[in-house]
file coords.cif (mmCIF, N, CA and C atoms and all ligand atoms)
data_input
#
loop_
_atom_site.label_atom_id
_atom_site.label_comp_id
_atom_site.auth_asym_id
_atom_site.auth_seq_id
_atom_site.Cartn_x
_atom_site.Cartn_y
_atom_site.Cartn_z
N MET A 8 110.27 93.97 141.88
CA MET A 8 109.10 93.34 141.25
C MET A 8 108.06 93.01 142.34
N ILE A 9 106.82 93.28 142.02
CA ILE A 9 105.76 92.98 142.99
C ILE A 9 105.42 91.49 142.90
N THR A 10 105.30 90.87 144.04
CA THR A 10 104.94 89.47 144.05
C THR A 10 103.46 89.32 144.42
N PHE A 11 102.78 88.50 143.65
CA PHE A 11 101.38 88.19 143.93
C PHE A 11 101.32 86.79 144.51
N PHE A 12 100.14 86.40 144.89
CA PHE A 12 99.97 85.03 145.37
C PHE A 12 98.95 84.32 144.50
N CYS A 13 99.33 83.10 144.11
CA CYS A 13 98.50 82.34 143.18
C CYS A 13 97.10 82.11 143.77
N ALA A 14 96.08 82.36 142.93
CA ALA A 14 94.70 82.21 143.38
C ALA A 14 94.35 80.74 143.66
N GLU A 15 95.13 79.81 143.08
CA GLU A 15 94.83 78.39 143.28
C GLU A 15 95.63 77.78 144.43
N CYS A 16 96.91 78.06 144.48
CA CYS A 16 97.76 77.33 145.43
C CYS A 16 98.51 78.23 146.40
N ASP A 17 98.30 79.53 146.32
CA ASP A 17 98.93 80.48 147.25
C ASP A 17 100.44 80.64 147.10
N ALA A 18 101.02 80.03 146.08
CA ALA A 18 102.46 80.21 145.87
C ALA A 18 102.72 81.64 145.40
N PRO A 19 103.84 82.22 145.81
CA PRO A 19 104.18 83.56 145.30
C PRO A 19 104.38 83.49 143.79
N CYS A 20 103.93 84.48 143.06
CA CYS A 20 104.05 84.42 141.60
C CYS A 20 104.08 85.83 141.03
N HIS A 21 104.39 85.92 139.75
CA HIS A 21 104.48 87.22 139.10
C HIS A 21 103.47 87.38 137.98
N ASN A 22 102.72 86.34 137.65
CA ASN A 22 101.77 86.45 136.55
C ASN A 22 100.45 86.97 137.06
N ARG A 23 100.12 88.14 136.63
CA ARG A 23 98.84 88.68 137.04
C ARG A 23 97.92 88.69 135.85
N LEU A 24 96.82 87.97 135.93
CA LEU A 24 95.93 87.85 134.78
C LEU A 24 94.86 88.93 134.76
N SER A 25 94.44 89.35 135.90
CA SER A 25 93.41 90.38 135.95
C SER A 25 93.64 91.18 137.22
N ALA A 26 92.75 92.12 137.48
CA ALA A 26 92.91 92.95 138.66
C ALA A 26 92.84 92.12 139.94
N THR A 27 92.15 91.01 139.87
CA THR A 27 91.94 90.23 141.10
C THR A 27 92.69 88.91 141.13
N ASP A 28 93.01 88.34 139.95
CA ASP A 28 93.56 86.99 139.94
C ASP A 28 95.00 86.93 139.44
N ALA A 29 95.81 86.26 140.21
CA ALA A 29 97.18 85.97 139.79
C ALA A 29 97.36 84.46 139.88
N TYR A 30 98.19 83.90 139.02
CA TYR A 30 98.42 82.46 139.03
C TYR A 30 99.90 82.17 138.87
N CYS A 31 100.36 81.11 139.51
CA CYS A 31 101.72 80.64 139.25
C CYS A 31 101.71 79.95 137.89
N ASP A 32 102.88 79.66 137.34
CA ASP A 32 102.95 79.04 136.01
C ASP A 32 102.15 77.76 135.95
N GLU A 33 102.36 76.87 136.93
CA GLU A 33 101.69 75.57 136.90
C GLU A 33 100.18 75.70 136.90
N CYS A 34 99.65 76.55 137.79
CA CYS A 34 98.19 76.72 137.87
C CYS A 34 97.65 77.42 136.64
N TYR A 35 98.44 78.32 136.09
CA TYR A 35 98.02 79.02 134.88
C TYR A 35 97.86 78.03 133.73
N TYR A 36 98.83 77.10 133.60
CA TYR A 36 98.75 76.11 132.53
C TYR A 36 97.60 75.13 132.78
N ALA A 37 97.42 74.75 134.03
CA ALA A 37 96.31 73.85 134.34
C ALA A 37 94.99 74.51 133.98
N LYS A 38 94.87 75.78 134.27
CA LYS A 38 93.66 76.52 133.94
C LYS A 38 93.45 76.61 132.44
N SER A 39 94.55 76.85 131.71
CA SER A 39 94.41 77.02 130.28
C SER A 39 93.99 75.73 129.58
N LEU A 40 94.23 74.59 130.22
CA LEU A 40 93.79 73.31 129.65
C LEU A 40 92.28 73.28 129.45
N THR A 41 91.55 73.99 130.25
CA THR A 41 90.10 73.97 130.12
C THR A 41 89.64 74.92 129.02
N MET A 42 90.54 75.79 128.53
CA MET A 42 90.12 76.79 127.56
C MET A 42 90.56 76.49 126.13
N TYR A 43 91.49 75.55 125.96
CA TYR A 43 92.01 75.29 124.63
C TYR A 43 91.72 73.85 124.21
N ARG A 44 91.61 73.65 122.89
CA ARG A 44 91.35 72.31 122.38
C ARG A 44 92.61 71.44 122.43
N ALA A 45 93.74 72.08 122.23
CA ALA A 45 95.01 71.36 122.31
C ALA A 45 96.05 72.28 122.91
N ILE A 46 96.94 71.70 123.67
CA ILE A 46 97.94 72.53 124.32
C ILE A 46 99.23 71.72 124.46
N SER A 47 100.35 72.41 124.28
CA SER A 47 101.65 71.75 124.46
C SER A 47 102.32 72.28 125.71
N PHE A 48 103.04 71.38 126.35
CA PHE A 48 103.86 71.78 127.49
C PHE A 48 105.29 71.37 127.21
N ALA A 49 106.21 72.19 127.65
CA ALA A 49 107.62 71.83 127.51
C ALA A 49 108.33 72.14 128.81
N ALA A 50 109.28 71.30 129.15
CA ALA A 50 110.13 71.55 130.31
C ALA A 50 111.57 71.47 129.87
N VAL A 51 112.39 72.36 130.41
CA VAL A 51 113.82 72.37 130.10
C VAL A 51 114.58 71.88 131.32
N TYR A 52 115.52 70.94 131.08
CA TYR A 52 116.30 70.36 132.17
C TYR A 52 117.79 70.61 131.97
N SER A 53 118.48 70.70 133.09
CA SER A 53 119.93 70.83 133.03
C SER A 53 120.53 69.44 132.87
N LYS A 54 121.84 69.40 132.67
CA LYS A 54 122.56 68.14 132.50
C LYS A 54 122.33 67.19 133.68
N ASP A 55 122.28 67.76 134.89
CA ASP A 55 122.09 66.90 136.07
C ASP A 55 120.61 66.72 136.43
N GLY A 56 119.71 67.05 135.50
CA GLY A 56 118.31 66.71 135.69
C GLY A 56 117.47 67.69 136.46
N ARG A 57 117.99 68.88 136.71
CA ARG A 57 117.17 69.89 137.38
C ARG A 57 116.24 70.54 136.37
N ARG A 58 114.99 70.76 136.77
CA ARG A 58 114.08 71.46 135.87
C ARG A 58 114.35 72.94 135.96
N LEU A 59 114.63 73.55 134.82
CA LEU A 59 114.98 74.97 134.79
C LEU A 59 113.77 75.85 134.52
N SER A 60 112.86 75.34 133.71
CA SER A 60 111.67 76.14 133.39
C SER A 60 110.62 75.26 132.74
N ILE A 61 109.41 75.77 132.71
CA ILE A 61 108.37 75.13 131.91
C ILE A 61 107.72 76.19 131.05
N GLY A 62 107.15 75.73 129.95
CA GLY A 62 106.46 76.66 129.07
C GLY A 62 105.27 75.95 128.46
N SER A 63 104.34 76.73 127.96
CA SER A 63 103.21 76.11 127.28
C SER A 63 102.94 76.89 126.01
N SER A 64 102.06 76.34 125.18
CA SER A 64 101.77 76.96 123.90
C SER A 64 100.67 78.00 124.01
N VAL A 65 100.25 78.33 125.22
CA VAL A 65 99.14 79.27 125.33
C VAL A 65 99.55 80.72 125.07
N ASN A 66 100.85 81.00 125.17
CA ASN A 66 101.29 82.38 124.94
C ASN A 66 101.68 82.63 123.50
N LYS A 67 100.83 82.22 122.58
CA LYS A 67 100.96 82.48 121.14
C LYS A 67 102.09 81.75 120.45
N CYS A 68 103.14 81.38 121.17
CA CYS A 68 104.26 80.73 120.52
C CYS A 68 104.36 79.30 121.04
N CYS A 69 105.33 78.53 120.49
CA CYS A 69 105.48 77.14 120.91
C CYS A 69 105.94 77.03 122.36
N ALA A 70 105.56 75.93 122.97
CA ALA A 70 105.92 75.68 124.37
C ALA A 70 107.43 75.65 124.57
N GLU A 71 108.15 75.02 123.61
CA GLU A 71 109.60 74.88 123.74
C GLU A 71 110.26 76.25 123.84
N ARG A 72 109.85 77.14 122.93
CA ARG A 72 110.47 78.45 122.92
C ARG A 72 110.05 79.27 124.14
N ASN A 73 108.80 79.17 124.53
CA ASN A 73 108.38 79.89 125.73
C ASN A 73 109.18 79.44 126.95
N ALA A 74 109.49 78.15 127.01
CA ALA A 74 110.27 77.64 128.15
C ALA A 74 111.72 78.10 128.06
N LEU A 75 112.30 78.06 126.87
CA LEU A 75 113.72 78.41 126.72
C LEU A 75 113.96 79.90 126.94
N TRP A 76 113.03 80.74 126.51
CA TRP A 76 113.23 82.17 126.62
C TRP A 76 113.35 82.66 128.05
N SER A 77 112.85 81.87 128.98
CA SER A 77 112.86 82.37 130.36
C SER A 77 114.11 81.95 131.14
N ILE A 78 115.08 81.32 130.47
CA ILE A 78 116.27 80.88 131.19
C ILE A 78 117.56 81.35 130.51
N ASP A 79 118.67 81.16 131.20
CA ASP A 79 119.97 81.47 130.63
C ASP A 79 120.42 80.36 129.70
N HIS A 80 121.13 80.73 128.68
CA HIS A 80 121.63 79.77 127.69
C HIS A 80 122.32 78.54 128.26
N GLU A 81 123.35 78.78 129.05
CA GLU A 81 124.37 77.77 129.32
C GLU A 81 123.83 76.46 129.86
N GLU A 82 122.78 76.53 130.67
CA GLU A 82 122.39 75.36 131.44
C GLU A 82 121.53 74.34 130.69
N ALA A 83 120.82 74.78 129.67
CA ALA A 83 119.84 73.91 129.03
C ALA A 83 120.49 72.71 128.35
N SER A 84 120.09 71.50 128.75
CA SER A 84 120.63 70.29 128.13
C SER A 84 119.55 69.43 127.49
N TYR A 85 118.40 69.36 128.15
CA TYR A 85 117.32 68.52 127.63
C TYR A 85 116.01 69.28 127.62
N VAL A 86 115.20 68.97 126.62
CA VAL A 86 113.85 69.52 126.56
C VAL A 86 112.88 68.37 126.42
N VAL A 87 111.83 68.40 127.22
CA VAL A 87 110.78 67.40 127.11
C VAL A 87 109.50 68.13 126.74
N VAL A 88 108.86 67.66 125.69
CA VAL A 88 107.65 68.35 125.24
C VAL A 88 106.52 67.35 124.99
N CYS A 89 105.34 67.76 125.29
CA CYS A 89 104.17 66.89 125.16
C CYS A 89 102.99 67.72 124.69
N ARG A 90 102.18 67.15 123.82
CA ARG A 90 100.98 67.85 123.37
C ARG A 90 99.74 67.04 123.74
N VAL A 91 98.81 67.72 124.37
CA VAL A 91 97.59 67.06 124.81
C VAL A 91 96.42 67.68 124.06
N GLN A 92 95.53 66.84 123.55
CA GLN A 92 94.37 67.39 122.85
C GLN A 92 93.07 66.86 123.44
N LYS A 93 92.07 67.65 123.22
CA LYS A 93 90.75 67.29 123.73
C LYS A 93 89.85 67.09 122.51
N LYS A 94 89.31 65.89 122.38
CA LYS A 94 88.47 65.60 121.22
C LYS A 94 87.25 64.83 121.70
N LYS A 95 86.10 65.31 121.39
CA LYS A 95 84.86 64.67 121.84
C LYS A 95 84.92 64.35 123.33
N GLN A 96 85.36 65.31 124.09
CA GLN A 96 85.43 65.19 125.56
C GLN A 96 86.45 64.17 126.05
N LYS A 97 87.30 63.70 125.12
CA LYS A 97 88.35 62.78 125.55
C LYS A 97 89.70 63.45 125.39
N VAL A 98 90.57 63.18 126.34
CA VAL A 98 91.89 63.78 126.30
C VAL A 98 92.90 62.75 125.83
N SER A 99 93.75 63.12 124.88
CA SER A 99 94.78 62.19 124.44
C SER A 99 96.08 62.93 124.16
N VAL A 100 97.16 62.17 124.12
CA VAL A 100 98.48 62.73 123.82
C VAL A 100 98.68 62.64 122.32
N THR A 101 99.15 63.68 121.71
CA THR A 101 99.37 63.67 120.27
C THR A 101 100.75 64.24 119.94
N SER A 102 101.04 64.37 118.65
CA SER A 102 102.41 64.72 118.24
C SER A 102 102.83 66.11 118.68
N SER A 103 104.03 66.18 119.23
CA SER A 103 104.60 67.48 119.62
C SER A 103 105.99 67.62 119.02
N ARG A 104 106.23 66.95 117.88
CA ARG A 104 107.55 67.07 117.27
C ARG A 104 107.85 68.55 117.02
N PRO A 105 109.01 69.03 117.50
CA PRO A 105 109.31 70.46 117.40
C PRO A 105 109.32 70.97 115.96
N CYS A 106 108.86 72.18 115.77
CA CYS A 106 108.88 72.82 114.46
C CYS A 106 110.29 73.35 114.17
N MET A 107 110.47 73.85 112.97
CA MET A 107 111.80 74.30 112.57
C MET A 107 112.34 75.41 113.48
N GLN A 108 111.49 76.36 113.80
CA GLN A 108 111.95 77.48 114.64
C GLN A 108 112.37 76.99 116.02
N CYS A 109 111.65 76.02 116.55
CA CYS A 109 112.02 75.50 117.87
C CYS A 109 113.32 74.70 117.80
N ILE A 110 113.51 73.96 116.72
CA ILE A 110 114.77 73.22 116.55
C ILE A 110 115.93 74.20 116.50
N LEU A 111 115.76 75.26 115.73
CA LEU A 111 116.81 76.29 115.65
C LEU A 111 117.08 76.90 117.01
N THR A 112 116.02 77.20 117.72
CA THR A 112 116.18 77.81 119.04
C THR A 112 116.90 76.85 119.99
N MET A 113 116.51 75.58 119.96
CA MET A 113 117.16 74.60 120.84
C MET A 113 118.64 74.46 120.48
N GLN A 114 118.94 74.48 119.19
CA GLN A 114 120.34 74.39 118.77
C GLN A 114 121.12 75.59 119.28
N MET A 115 120.50 76.76 119.22
CA MET A 115 121.14 77.98 119.71
C MET A 115 121.40 77.93 121.21
N TYR A 116 120.49 77.31 121.93
CA TYR A 116 120.63 77.22 123.38
C TYR A 116 121.53 76.05 123.79
N GLY A 117 121.98 75.28 122.82
CA GLY A 117 122.86 74.17 123.13
C GLY A 117 122.15 72.97 123.73
N VAL A 118 120.87 72.83 123.45
CA VAL A 118 120.12 71.68 123.95
C VAL A 118 120.60 70.43 123.21
N GLU A 119 120.93 69.37 123.97
CA GLU A 119 121.45 68.16 123.36
C GLU A 119 120.36 67.27 122.80
N LYS A 120 119.37 67.00 123.64
CA LYS A 120 118.34 66.05 123.24
C LYS A 120 116.96 66.59 123.55
N VAL A 121 116.02 66.20 122.71
CA VAL A 121 114.63 66.58 122.98
C VAL A 121 113.78 65.31 123.00
N CYS A 122 112.87 65.25 123.92
CA CYS A 122 111.93 64.14 124.02
C CYS A 122 110.56 64.70 123.69
N TYR A 123 109.89 64.10 122.68
CA TYR A 123 108.59 64.64 122.31
C TYR A 123 107.58 63.51 122.10
N SER A 124 106.33 63.87 122.18
CA SER A 124 105.27 62.86 122.02
C SER A 124 104.96 62.68 120.54
N THR A 125 104.48 61.49 120.21
CA THR A 125 104.11 61.19 118.82
C THR A 125 102.59 61.09 118.72
N LYS A 126 102.12 61.00 117.49
CA LYS A 126 100.68 60.92 117.23
C LYS A 126 100.04 59.73 117.94
N SER A 127 100.81 58.66 118.09
CA SER A 127 100.25 57.47 118.73
C SER A 127 100.41 57.52 120.25
N GLY A 128 100.89 58.64 120.77
CA GLY A 128 100.95 58.78 122.22
C GLY A 128 102.21 58.24 122.86
N GLU A 129 103.20 57.89 122.01
CA GLU A 129 104.48 57.44 122.56
C GLU A 129 105.45 58.62 122.64
N PHE A 130 106.59 58.36 123.29
CA PHE A 130 107.60 59.41 123.39
C PHE A 130 108.88 58.94 122.73
N VAL A 131 109.53 59.84 122.00
CA VAL A 131 110.82 59.51 121.38
C VAL A 131 111.84 60.59 121.75
N TRP A 132 113.11 60.16 121.84
CA TRP A 132 114.22 61.08 122.07
C TRP A 132 114.94 61.31 120.76
N GLU A 133 115.33 62.53 120.50
CA GLU A 133 116.13 62.80 119.31
C GLU A 133 117.25 63.76 119.65
N GLU A 134 118.39 63.57 118.98
CA GLU A 134 119.52 64.48 119.15
C GLU A 134 119.20 65.76 118.39
N VAL A 135 119.25 66.88 119.09
CA VAL A 135 118.79 68.13 118.48
C VAL A 135 119.64 68.53 117.28
N HIS A 136 120.97 68.32 117.35
CA HIS A 136 121.79 68.77 116.23
C HIS A 136 121.67 67.88 114.99
N HIS A 137 120.98 66.75 115.11
CA HIS A 137 120.72 65.92 113.94
C HIS A 137 119.36 66.20 113.31
N MET A 138 118.59 67.03 113.98
CA MET A 138 117.22 67.23 113.52
C MET A 138 117.15 68.29 112.43
N SER A 139 116.30 68.04 111.48
CA SER A 139 115.98 69.08 110.52
C SER A 139 114.53 68.87 110.11
N THR A 140 113.91 69.91 109.73
CA THR A 140 112.52 69.80 109.34
C THR A 140 112.13 71.00 108.52
N THR A 141 111.11 70.86 107.75
CA THR A 141 110.63 72.00 106.98
C THR A 141 109.29 72.47 107.52
N TYR A 142 108.87 71.82 108.58
CA TYR A 142 107.59 72.18 109.17
C TYR A 142 107.72 73.49 109.95
N GLU A 143 106.94 74.48 109.55
CA GLU A 143 107.01 75.78 110.21
C GLU A 143 105.69 76.10 110.89
N THR A 144 105.79 76.90 111.92
CA THR A 144 104.55 77.36 112.54
C THR A 144 104.36 78.84 112.24
N VAL A 145 103.25 79.37 112.65
CA VAL A 145 102.94 80.77 112.34
C VAL A 145 103.90 81.73 113.01
N SER A 146 104.42 81.35 114.18
CA SER A 146 105.30 82.27 114.87
C SER A 146 106.74 82.00 114.47
N ARG A 147 107.35 82.99 113.83
CA ARG A 147 108.72 82.80 113.35
C ARG A 147 109.75 83.38 114.29
N THR A 148 109.32 83.90 115.40
CA THR A 148 110.26 84.51 116.34
C THR A 148 111.18 83.47 116.93
N ILE A 149 112.49 83.65 116.74
CA ILE A 149 113.45 82.70 117.32
C ILE A 149 114.07 83.27 118.57
N VAL A 150 114.35 84.54 118.53
CA VAL A 150 114.89 85.20 119.72
C VAL A 150 113.93 86.30 120.12
N ARG A 151 113.61 86.31 121.38
CA ARG A 151 112.74 87.38 121.86
C ARG A 151 113.57 88.36 122.66
N VAL A 152 113.52 89.63 122.29
CA VAL A 152 114.33 90.61 123.02
C VAL A 152 113.45 91.55 123.83
ZN ZN A 201 99.48 78.04 141.76
ZN ZN A 202 107.78 75.13 117.72
#
call {"tool": "encode", "arguments": {"input": "coords.cif", "output": "structure tokens"}}
result
Amino acid sequence: MITFFCAECDAPCHNRLSATDAYCDECYYAKSLTMYRAISFAAVYSKDGRRLSIGSSVNKCCAERNALWSIDHEEASYVVVCRVQKKKQKVSVTSSRPCMQCILTMQMYGVEKVCYSTKSGEFVWEEVHHMSTTYETVSRTIVRV
């Protein structure tokens, strides 16, 4: 695999956005914050608290699934997700309660608990295997092959 260097921070990376610019995940998400009205971020952690991956909602699907798809099943224990919105030039935290497809995906990956933001900007933890919801998003992809 060819390695590029992030245009913002010089870290080696594999995401090439154009012929001239490549960005690491973190810088790519920071950049996308300026282009979207609302964006979700998710991070997946192992049992001992290591961050395994991060994902955002900019790649057409939910942040949780984008983060989970890039790692191996066995290690995922916790998912933390947050949604930030921009309204009248003000930034606030809003609800990021996982949708049905993300709950199913987390259950498949053996994620124990998920922490998500609420409409009032607080965070709650929920046991993934107790969660159910009928809220669906446009992207129904649960497994990406
Ligand atoms: Zn970077
Ligand atoms: Zn989702």
call {"tool": "residues_near_ligand", "arguments": {"input": "coords.cif", "ligand": "ligand ZN 201 (chain A)", "cutoff": "8 Å", "atoms": "only N, CA and C atoms and all ligand atoms", "output": "PyMOL selection string"}}
result
chain A and resi 12-20+29-35
call {"tool": "residues_around", "arguments": {"input": "coords.cif", "residues": "region 119-131 of chain A", "least_positions_apart": "5", "cutoff": "8 Å", "atoms": "only C-alpha atoms", "output": "PyMOL selection string"}}
result
chain A and resi 84-90+99-105+114+136
call {"tool": "residues_near_ligand", "arguments": {"input": "coords.cif", "ligand": "ligand ZN 202 (chain A)", "cutoff": "6 Å", "atoms": "all atoms listed in the file", "output": "MDAnalysis selection string"}}
result
chainID A and resid 69:72 105:110
call {"tool": "closest_residue", "arguments": {"input": "coords.cif", "among": "A:Leu75, A:Val118, A:Ile46, A:Met113", "to": "Ile61 (chain A)", "atoms": "only C-alpha atoms"}}
result
A:Leu75
call {"tool": "select_by_dssp", "arguments": {"input": "coords.cif", "residues": "region 8-125 of chain A", "states": "strand (DSSP E)", "output": "compact mmCIF listing (two decimals) with N, CA and C atoms, in the coordinates of the input"}}
result
# COMPACT_ATOMS: atom_id res chain seq x y z
N PHE A 11 102.78 88.50 143.65
CA PHE A 11 101.38 88.19 143.93
C PHE A 11 101.32 86.79 144.51
N PHE A 12 100.14 86.40 144.89
CA PHE A 12 99.97 85.03 145.37
C PHE A 12 98.95 84.32 144.50
N PRO A 19 103.84 82.22 145.81
CA PRO A 19 104.18 83.56 145.30
C PRO A 19 104.38 83.49 143.79
N CYS A 20 103.93 84.48 143.06
CA CYS A 20 104.05 84.42 141.60
C CYS A 20 104.08 85.83 141.03
N ASN A 22 102.72 86.34 137.65
CA ASN A 22 101.77 86.45 136.55
C ASN A 22 100.45 86.97 137.06
N ARG A 23 100.12 88.14 136.63
CA ARG A 23 98.84 88.68 137.04
C ARG A 23 97.92 88.69 135.85
N ALA A 29 95.81 86.26 140.21
CA ALA A 29 97.18 85.97 139.79
C ALA A 29 97.36 84.46 139.88
N TYR A 30 98.19 83.90 139.02
CA TYR A 30 98.42 82.46 139.03
C TYR A 30 99.90 82.17 138.87
N ALA A 45 93.74 72.08 122.23
CA ALA A 45 95.01 71.36 122.31
C ALA A 45 96.05 72.28 122.91
N ILE A 46 96.94 71.70 123.67
CA ILE A 46 97.94 72.53 124.32
C ILE A 46 99.23 71.72 124.46
N SER A 47 100.35 72.41 124.28
CA SER A 47 101.65 71.75 124.46
C SER A 47 102.32 72.28 125.71
N PHE A 48 103.04 71.38 126.35
CA PHE A 48 103.86 71.78 127.49
C PHE A 48 105.29 71.37 127.21
N ALA A 49 106.21 72.19 127.65
CA ALA A 49 107.62 71.83 127.51
C ALA A 49 108.33 72.14 128.81
N ALA A 50 109.28 71.30 129.15
CA ALA A 50 110.13 71.55 130.31
C ALA A 50 111.57 71.47 129.87
N VAL A 51 112.39 72.36 130.41
CA VAL A 51 113.82 72.37 130.10
C VAL A 51 114.58 71.88 131.32
N TYR A 52 115.52 70.94 131.08
CA TYR A 52 116.30 70.36 132.17
C TYR A 52 117.79 70.61 131.97
N ARG A 58 114.99 70.76 136.77
CA ARG A 58 114.08 71.46 135.87
C ARG A 58 114.35 72.94 135.96
N LEU A 59 114.63 73.55 134.82
CA LEU A 59 114.98 74.97 134.79
C LEU A 59 113.77 75.85 134.52
N SER A 60 112.86 75.34 133.71
CA SER A 60 111.67 76.14 133.39
C SER A 60 110.62 75.26 132.74
N ILE A 61 109.41 75.77 132.71
CA ILE A 61 108.37 75.13 131.91
C ILE A 61 107.72 76.19 131.05
N GLY A 62 107.15 75.73 129.95
CA GLY A 62 106.46 76.66 129.07
C GLY A 62 105.27 75.95 128.46
N SER A 63 104.34 76.73 127.96
CA SER A 63 103.21 76.11 127.28
C SER A 63 102.94 76.89 126.01
N TYR A 85 118.40 69.36 128.15
CA TYR A 85 117.32 68.52 127.63
C TYR A 85 116.01 69.28 127.62
N VAL A 86 115.20 68.97 126.62
CA VAL A 86 113.85 69.52 126.56
C VAL A 86 112.88 68.37 126.42
N VAL A 87 111.83 68.40 127.22
CA VAL A 87 110.78 67.40 127.11
C VAL A 87 109.50 68.13 126.74
N VAL A 88 108.86 67.66 125.69
CA VAL A 88 107.65 68.35 125.24
C VAL A 88 106.52 67.35 124.99
N CYS A 89 105.34 67.76 125.29
CA CYS A 89 104.17 66.89 125.16
C CYS A 89 102.99 67.72 124.69
N ARG A 90 102.18 67.15 123.82
CA ARG A 90 100.98 67.85 123.37
C ARG A 90 99.74 67.04 123.74
N VAL A 91 98.81 67.72 124.37
CA VAL A 91 97.59 67.06 124.81
C VAL A 91 96.42 67.68 124.06
N GLN A 92 95.53 66.84 123.55
CA GLN A 92 94.37 67.39 122.85
C GLN A 92 93.07 66.86 123.44
N LYS A 93 92.07 67.65 123.22
CA LYS A 93 90.75 67.29 123.73
C LYS A 93 89.85 67.09 122.51
N LYS A 94 89.31 65.89 122.38
CA LYS A 94 88.47 65.60 121.22
C LYS A 94 87.25 64.83 121.70
N LYS A 97 87.30 63.70 125.12
CA LYS A 97 88.35 62.78 125.55
C LYS A 97 89.70 63.45 125.39
N VAL A 98 90.57 63.18 126.34
CA VAL A 98 91.89 63.78 126.30
C VAL A 98 92.90 62.75 125.83
N SER A 99 93.75 63.12 124.88
CA SER A 99 94.78 62.19 124.44
C SER A 99 96.08 62.93 124.16
N VAL A 100 97.16 62.17 124.12
CA VAL A 100 98.48 62.73 123.82
C VAL A 100 98.68 62.64 122.32
N THR A 101 99.15 63.68 121.71
CA THR A 101 99.37 63.67 120.27
C THR A 101 100.75 64.24 119.94
N LYS A 120 119.37 67.00 123.64
CA LYS A 120 118.34 66.05 123.24
C LYS A 120 116.96 66.59 123.55
N VAL A 121 116.02 66.20 122.71
CA VAL A 121 114.63 66.58 122.98
C VAL A 121 113.78 65.31 123.00
N CYS A 122 112.87 65.25 123.92
CA CYS A 122 111.93 64.14 124.02
C CYS A 122 110.56 64.70 123.69
N TYR A 123 109.89 64.10 122.68
CA TYR A 123 108.59 64.64 122.31
C TYR A 123 107.58 63.51 122.10
N SER A 124 106.33 63.87 122.18
CA SER A 124 105.27 62.86 122.02
C SER A 124 104.96 62.68 120.54
call {"tool": "atom_distance", "arguments": {"input": "coords.cif", "atom1": "atom C of Gly56 (chain A)", "atom2": "atom N of Thr41 (chain A)"}}
result
27.4 Å
call {"tool": "select_by_dssp", "arguments": {"input": "coords.cif", "residues": "chain A", "states": "alpha helix (DSSP H)", "output": "list in words"}}
result
Asp32, Glu33, Cys34, Tyr35, Tyr36, Ala37, Lys38, Ser39, Ala70, Glu71, Arg72, Asn73, Ala74, Leu75, Trp76, Met107, Gln108, Cys109, Ile110, Leu111, Thr112, Met113, Gln114, Met115 and Tyr116 of chain A
call {"tool": "atom_distance", "arguments": {"input": "coords.cif", "atom1": "atom N of Leu59 (chain A)", "atom2": "CA of Ile78 (chain A)"}}
result
8.3 Å
call {"tool": "closest_residue", "arguments": {"input": "coords.cif", "among": "A:Phe48, A:Tyr43, A:Tyr116, A:Trp132", "to": "Ser64 (chain A)", "atoms": "only N, CA and C atoms"}}
result
A:Phe48
call {"tool": "closest_residue", "arguments": {"input": "coords.cif", "among": "A:Thr10, A:Val98, A:Leu111, A:Gly62", "to": "Met138 (chain A)", "atoms": "all atoms listed in the file"}}
result
A:Leu111
call {"tool": "atom_distance", "arguments": {"input": "coords.cif", "atom1": "CA of Asp79 (chain A)", "atom2": "CA of Ala45 (chain A)"}}
result
28.2 Å
call {"tool": "closest_residue", "arguments": {"input": "coords.cif", "among": "A:Tyr36, A:Gln96, A:Ser139, A:Thr112", "to": "Val65 (chain A)", "atoms": "all atoms listed in the file"}}
result
A:Tyr36
call {"tool": "closest_residue", "arguments": {"input": "coords.cif", "among": "A:Lys38, A:Ser63, A:Lys94, A:Asp28", "to": "Ala50 (chain A)", "atoms": "only N, CA and C atoms"}}
result
A:Ser63
